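J.: Can you read through this structure? Questions will come right after.
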Amino acid sequence: MYIPKQYRMKNEEAVQIMKSNPFALLITVNEHRPLATHIPLEIREDEGKIYATGHIAYGNMQKKTLDNNSDVLLIFQGQHAYISSSWYQCEEVPTWDYLAVHAYGSARLITEDELISSLDTMLNHYEGHRENGRTWETFDPELLKSEMKGIVGFEIEITSIQAAAKMSQNRNDTDYKKIITELEKSNEQGEIQVAQWMREQRKGLNE
């Protein structure tokens, strides 16, 4: 991913984007043909390393590319919004602001016990805070056994990260503040989130 210097994110910032936006695009190659699956992932850090764990349908042919594959790409999309050049002091063209992370890594298929642990973690994450949440131990064991036959678990050790935060950092304070003001008028949640991110980066703008 091409990232001008002023838009590059540090790895620790990128990991937070990954954790906050875990529905990623998994990309591999099979005989020169790109394969992609949109998939929820669990991101964890362990002894200085970053791992992404998930599962895909057994019938998904991409599973064949996830065993001992050192060339796997995960794409995470954060907040993004159209930026109108009518908000600038001087005449310029419009643009798009966004947060994006490309994480490269090595994949392996995981064992049944590892898959159960992964599913347990994911259910706790998304269901544990809900009233009557459906965590692993609340399901009929026979149902879980049957459903697990239809999926394949994998783990990716992240070896390289390219992360971009193109969020109008190049604009002067007047334009920057105007962009935030216009975005905050929107009914679109994504545009409001971009404004919130921008405001956080220049906390003293309204002081």
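Scheme for the structure tokens: letters A, B, ... for chains in order shown; per-chain residue numbers from 1; ligand numbers from 1 in order shown.
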Which residues are close to Ser106 (chain A), i.e. within 7 Å by only C-alpha atoms, leaving aside same-chain residues fewer than 2 positions away? Reply as a ChimeraX atom specification.

T.: /A:68-72,108,156-158

J.: Would you return as a PyMOL selection string the members of region 15-169 of chain A that DSSP assigns to alpha helix (DSSP H) on this structure's backbone?

T.: chain A and resi 15-20+112-127+141-148

J.: With a distance cut-off of 10 Å and only C-alpha atoms, select the neighbouring residues of region 48-51 of chain A, excluding the residue or stretch itself and same-chain residues fewer than 3 positions from it, and output the selection as a PyMOL selection string.

T.: chain A and resi 15+41-45+103+105-107+155-160

J.: What's around region 172-182 of chain A at 9 Å? Count only C-alpha atoms, leave out sequence neighbours fewer than 5 positions away in its own chain, and write the answer as JSON, numbers by chain.

T.: {"A": [83, 84, 87, 88, 89, 192, 194, 195, 196, 198, 199, 202, 205, 206]}

J.: Looking at only C-alpha atoms, which of A:Gly150, A:Trp136, A:Arg130, A:Val101 is the one that sits closest to Glu13 (chain A)?

T.: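 Smallest distance to Glu13 (chain A) is found for A:Val101.
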